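Text of coords19.cif (mmCIF, C-alpha atoms, pLDDT in the B column; chains and numbers go by the auth columns) as supplied:
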```cif
data_protein
#
loop_
_atom_site.group_PDB
_atom_site.id
_atom_site.type_symbol
_atom_site.label_atom_id
_atom_site.label_comp_id
_atom_site.label_asym_id
_atom_site.label_seq_id
_atom_site.Cartn_x
_atom_site.Cartn_y
_atom_site.Cartn_z
_atom_site.B_iso_or_equiv
_atom_site.auth_seq_id
_atom_site.auth_asym_id
ATOM 1 C CA MET A 1 238.000 63.512 343.819 81.00 992 A
ATOM 2 C CA ASP A 2 241.050 65.655 344.527 87.00 993 A
ATOM 3 C CA ILE A 3 244.532 64.201 344.298 88.00 994 A
ATOM 4 C CA ALA A 4 247.598 66.099 345.509 90.00 995 A
ATOM 5 C CA VAL A 5 250.982 65.399 343.954 91.00 996 A
ATOM 6 C CA SER A 6 254.238 66.899 345.173 90.00 997 A
ATOM 7 C CA VAL A 7 257.856 66.374 344.224 91.00 998 A
ATOM 8 C CA ASN A 8 260.971 66.649 346.388 90.00 999 A
ATOM 9 C CA ASP A 9 262.380 69.513 344.276 88.00 1000 A
ATOM 10 C CA PRO A 10 260.536 72.704 343.184 86.00 1001 A
ATOM 11 C CA VAL A 11 262.088 72.615 339.693 88.00 1002 A
ATOM 12 C CA LEU A 12 261.022 68.995 339.245 90.00 1003 A
ATOM 13 C CA GLN A 13 257.564 69.843 340.556 90.00 1004 A
ATOM 14 C CA GLU A 14 257.220 72.522 337.861 91.00 1005 A
ATOM 15 C CA SER A 15 258.403 69.953 335.311 92.00 1006 A
ATOM 16 C CA LEU A 16 255.684 67.524 336.410 93.00 1007 A
ATOM 17 C CA LEU A 17 253.094 70.319 336.358 94.00 1008 A
ATOM 18 C CA ASP A 18 254.052 71.142 332.756 94.00 1009 A
ATOM 19 C CA TRP A 19 253.962 67.439 331.874 94.00 1010 A
ATOM 20 C CA LEU A 20 250.454 66.991 333.291 94.00 1011 A
ATOM 21 C CA ARG A 21 249.198 70.179 331.661 94.00 1012 A
ATOM 22 C CA GLY A 22 250.547 68.875 328.367 94.00 1013 A
ATOM 23 C CA ASP A 23 247.889 66.158 328.377 92.00 1014 A
ATOM 24 C CA PRO A 24 244.654 67.524 326.885 92.00 1015 A
ATOM 25 C CA GLU A 25 242.528 65.271 329.109 90.00 1016 A
ATOM 26 C CA LEU A 26 244.235 66.394 332.325 90.00 1017 A
ATOM 27 C CA ARG A 27 244.891 70.073 331.545 91.00 1018 A
ATOM 28 C CA PRO A 28 241.491 71.356 332.785 91.00 1019 A
ATOM 29 C CA ALA A 29 241.809 69.381 336.038 91.00 1020 A
ATOM 30 C CA VAL A 30 245.335 70.486 337.002 92.00 1021 A
ATOM 31 C CA SER A 31 246.108 73.427 339.292 91.00 1022 A
ATOM 32 C CA LYS A 32 248.678 74.504 341.875 88.00 1023 A
ATOM 33 C CA ARG A 33 248.126 74.576 345.622 83.00 1024 A
ATOM 34 C CA TYR A 34 250.126 77.278 347.388 77.00 1025 A
ATOM 35 C CA ALA A 35 251.601 77.260 350.860 70.00 1026 A
ATOM 36 C CA ALA A 36 251.530 80.412 352.964 68.00 1027 A
ATOM 37 C CA PRO A 37 254.882 82.232 352.962 66.00 1028 A
ATOM 38 C CA LYS A 38 257.124 81.627 355.931 68.00 1029 A
ATOM 39 C CA PRO A 39 258.462 84.556 357.976 72.00 1030 A
ATOM 40 C CA GLY A 40 261.038 86.425 355.909 69.00 1031 A
ATOM 41 C CA GLU A 41 259.819 85.019 352.561 63.00 1032 A
ATOM 42 C CA LEU A 42 258.524 87.429 349.951 60.00 1033 A
ATOM 43 C CA GLY A 43 256.076 85.175 348.189 55.00 1034 A
ATOM 44 C CA THR A 44 254.622 81.742 347.952 55.00 1035 A
ATOM 45 C CA ILE A 45 255.633 78.692 346.006 59.00 1036 A
ATOM 46 C CA ALA A 46 253.404 75.857 344.938 65.00 1037 A
ATOM 47 C CA ASP A 47 253.511 73.168 347.586 81.00 1038 A
ATOM 48 C CA ALA A 48 251.530 70.651 345.520 89.00 1039 A
ATOM 49 C CA ILE A 49 249.888 70.005 342.208 91.00 1040 A
ATOM 50 C CA MET A 50 246.156 69.430 342.589 91.00 1041 A
ATOM 51 C CA ILE A 51 244.257 67.249 340.160 90.00 1042 A
ATOM 52 C CA SER A 52 240.469 67.080 340.341 89.00 1043 A
ATOM 53 C CA VAL A 53 239.248 63.996 338.533 79.00 1044 A
ATOM 54 C CA GLY A 54 236.301 61.650 338.505 74.00 1045 A
ATOM 55 C CA SER A 55 236.847 57.927 338.643 63.00 1046 A
ATOM 56 C CA GLY A 56 237.577 55.805 335.623 65.00 1047 A
ATOM 57 C CA GLY A 57 239.317 57.107 332.524 73.00 1048 A
ATOM 58 C CA ALA A 58 240.808 60.269 333.982 76.00 1049 A
ATOM 59 C CA LEU A 59 242.458 58.280 336.775 78.00 1050 A
ATOM 60 C CA THR A 60 243.983 55.928 334.235 81.00 1051 A
ATOM 61 C CA VAL A 61 245.317 58.884 332.222 85.00 1052 A
ATOM 62 C CA LEU A 62 246.715 60.485 335.387 85.00 1053 A
ATOM 63 C CA ALA A 63 248.387 57.252 336.515 83.00 1054 A
ATOM 64 C CA SER A 64 249.950 56.785 333.078 86.00 1055 A
ATOM 65 C CA ALA A 65 251.176 60.389 332.974 90.00 1056 A
ATOM 66 C CA VAL A 66 252.763 60.246 336.444 88.00 1057 A
ATOM 67 C CA LYS A 67 254.364 56.877 335.689 86.00 1058 A
ATOM 68 C CA ALA A 68 255.805 58.128 332.385 88.00 1059 A
ATOM 69 C CA TRP A 69 257.158 61.309 334.006 90.00 1060 A
ATOM 70 C CA VAL A 70 258.780 59.427 336.909 87.00 1061 A
ATOM 71 C CA GLN A 71 260.536 57.069 334.509 84.00 1062 A
ATOM 72 C CA ARG A 72 262.133 59.849 332.447 84.00 1063 A
ATOM 73 C CA PRO A 73 265.848 60.286 333.135 78.00 1064 A
ATOM 74 C CA ARG A 74 266.713 63.672 334.625 78.00 1065 A
ATOM 75 C CA GLY A 75 269.955 63.334 336.614 78.00 1066 A
ATOM 76 C CA LYS A 76 268.308 64.144 339.956 84.00 1067 A
ATOM 77 C CA HIS A 77 266.880 61.958 342.676 87.00 1068 A
ATOM 78 C CA VAL A 78 263.102 62.074 342.220 89.00 1069 A
ATOM 79 C CA VAL A 79 260.557 61.333 344.930 90.00 1070 A
ATOM 80 C CA VAL A 80 256.886 61.885 344.150 90.00 1071 A
ATOM 81 C CA ARG A 81 254.318 62.018 346.937 90.00 1072 A
ATOM 82 C CA VAL A 82 250.732 61.281 345.936 89.00 1073 A
ATOM 83 C CA SER A 83 247.812 61.737 348.309 87.00 1074 A
ATOM 84 C CA ARG A 84 244.075 61.380 348.198 85.00 1075 A
ATOM 85 C CA GLY A 85 242.373 62.201 351.457 83.00 1076 A
ATOM 86 C CA ASP A 86 244.249 60.338 354.171 85.00 1077 A
ATOM 87 C CA ARG A 87 245.897 57.923 351.698 85.00 1078 A
ATOM 88 C CA VAL A 88 249.498 58.866 350.963 87.00 1079 A
ATOM 89 C CA ALA A 89 252.138 57.089 348.913 86.00 1080 A
ATOM 90 C CA GLU A 90 255.687 57.962 347.933 88.00 1081 A
ATOM 91 C CA ILE A 91 257.312 56.875 344.710 87.00 1082 A
ATOM 92 C CA ASP A 92 261.104 56.926 344.823 88.00 1083 A
ATOM 93 C CA ALA A 93 262.259 56.729 341.200 83.00 1084 A
ATOM 94 C CA GLU A 94 265.506 55.014 342.198 83.00 1085 A
ATOM 95 C CA ARG A 95 263.818 52.258 344.199 84.00 1086 A
ATOM 96 C CA VAL A 96 260.477 51.591 342.539 78.00 1087 A
ATOM 97 C CA GLY A 97 260.008 49.635 339.329 75.00 1088 A
ATOM 98 C CA SER A 98 257.450 50.249 336.606 70.00 1089 A
ATOM 99 C CA GLU A 99 254.982 47.649 337.882 72.00 1090 A
ATOM 100 C CA ASP A 100 255.307 48.972 341.425 81.00 1091 A
ATOM 101 C CA ILE A 101 254.454 52.493 340.296 80.00 1092 A
ATOM 102 C CA GLU A 102 251.233 51.218 338.761 77.00 1093 A
ATOM 103 C CA ALA A 103 250.332 49.292 341.907 82.00 1094 A
ATOM 104 C CA ILE A 104 251.069 52.265 344.190 82.00 1095 A
ATOM 105 C CA LEU A 105 249.020 54.666 342.109 79.00 1096 A
ATOM 106 C CA ASP A 106 246.186 52.200 341.718 78.00 1097 A
ATOM 107 C CA ARG A 107 246.051 51.717 345.492 78.00 1098 A
ATOM 108 C CA VAL A 108 245.959 55.453 346.201 77.00 1099 A
ATOM 109 C CA PHE A 109 243.525 56.300 343.402 72.00 1100 A
ATOM 110 C CA ARG A 110 241.058 53.452 343.613 70.00 1101 A
ATOM 111 C CA GLU A 111 240.973 52.063 347.160 63.00 1102 A
ATOM 112 C CA GLY A 112 237.828 52.960 348.988 54.00 1103 A
ATOM 113 C CA GLU A 113 235.856 53.906 345.859 55.00 1104 A
ATOM 114 C CA SER A 114 232.238 52.875 345.987 46.00 1105 A
ATOM 115 C CA ALA A 115 231.206 50.361 343.367 38.00 1106 A
#
```
Represent the supplied structure as structure tokens.
Amino acid sequence: MDIAVSVNDPVLQESLLDWLRGDPELRPAVSKRYAAPKPGELGTIADAIMISVGSGGALTVLASAVKAWVQRPRGKHVVVRVSRGDRVAEIDAERVGSEDIEAILDRVFREGESA
């Protein structure tokens, strides 16, 4: 299953990418997805972080890593958008509590999985 994660700020998105790649279990599954350059732009920037994971343990590790990163203080307004297929959720660090983050990620990651 492929999960796309993006952040409202390119610097913060790179920070999250580094954070996810710092986890030995996630590192092999993490990559960047690039958007095509717009007219007048010289290159591309990553428009999302892609994580390819199976169900179970890797999803739990990913959810824990995203939750821990979101909760770190950084002096900027952080909004993380997580999508899996047509399921999309936004986590606004200023408005969402720890338990809510877990519930949001669980809903996006696990809903619709076959038993």
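Reported to one decimal place, the separation of CA of Lys1067 (chain A) from CA of Val1099 (chain A) is 24.8 Å.
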Given only C-alpha atoms, how would the per-residue table for region 1083-1103 of chain A near region 992-1013 of chain A read, listing every residue at most 12 Å away with its closest atom pair and distance in Å to one decimal, sorted by chain and number, as JSON lines?
```
{"residue": "A:Asp1083", "atom": "CA", "partner": "A:Asn999", "partner_atom": "CA", "distance": 9.8}
{"residue": "A:Ala1084", "atom": "CA", "partner": "A:Val998", "partner_atom": "CA", "distance": 11.0}
{"residue": "A:Leu1096", "atom": "CA", "partner": "A:Ile994", "partner_atom": "CA", "distance": 10.8}
{"residue": "A:Val1099", "atom": "CA", "partner": "A:Ile994", "partner_atom": "CA", "distance": 9.1}
{"residue": "A:Phe1100", "atom": "CA", "partner": "A:Ile994", "partner_atom": "CA", "distance": 8.0}
{"residue": "A:Arg1101", "atom": "CA", "partner": "A:Met992", "partner_atom": "CA", "distance": 10.5}
{"residue": "A:Gly1103", "atom": "CA", "partner": "A:Met992", "partner_atom": "CA", "distance": 11.8}
```
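Take CA of Glu1085 (chain A) and CA of Glu1016 (chain A): the distance between them is 28.4 Å.
Nearest residue to Met1041 (chain A), choosing from A:Ala1054, A:Ala1080, A:Val1021, A:Ala1094 and counting only C-alpha atoms: A:Val1021.
Straight-line separation from CA of Pro1015 (chain A) to CA of Leu1053 (chain A): 11.2 Å.
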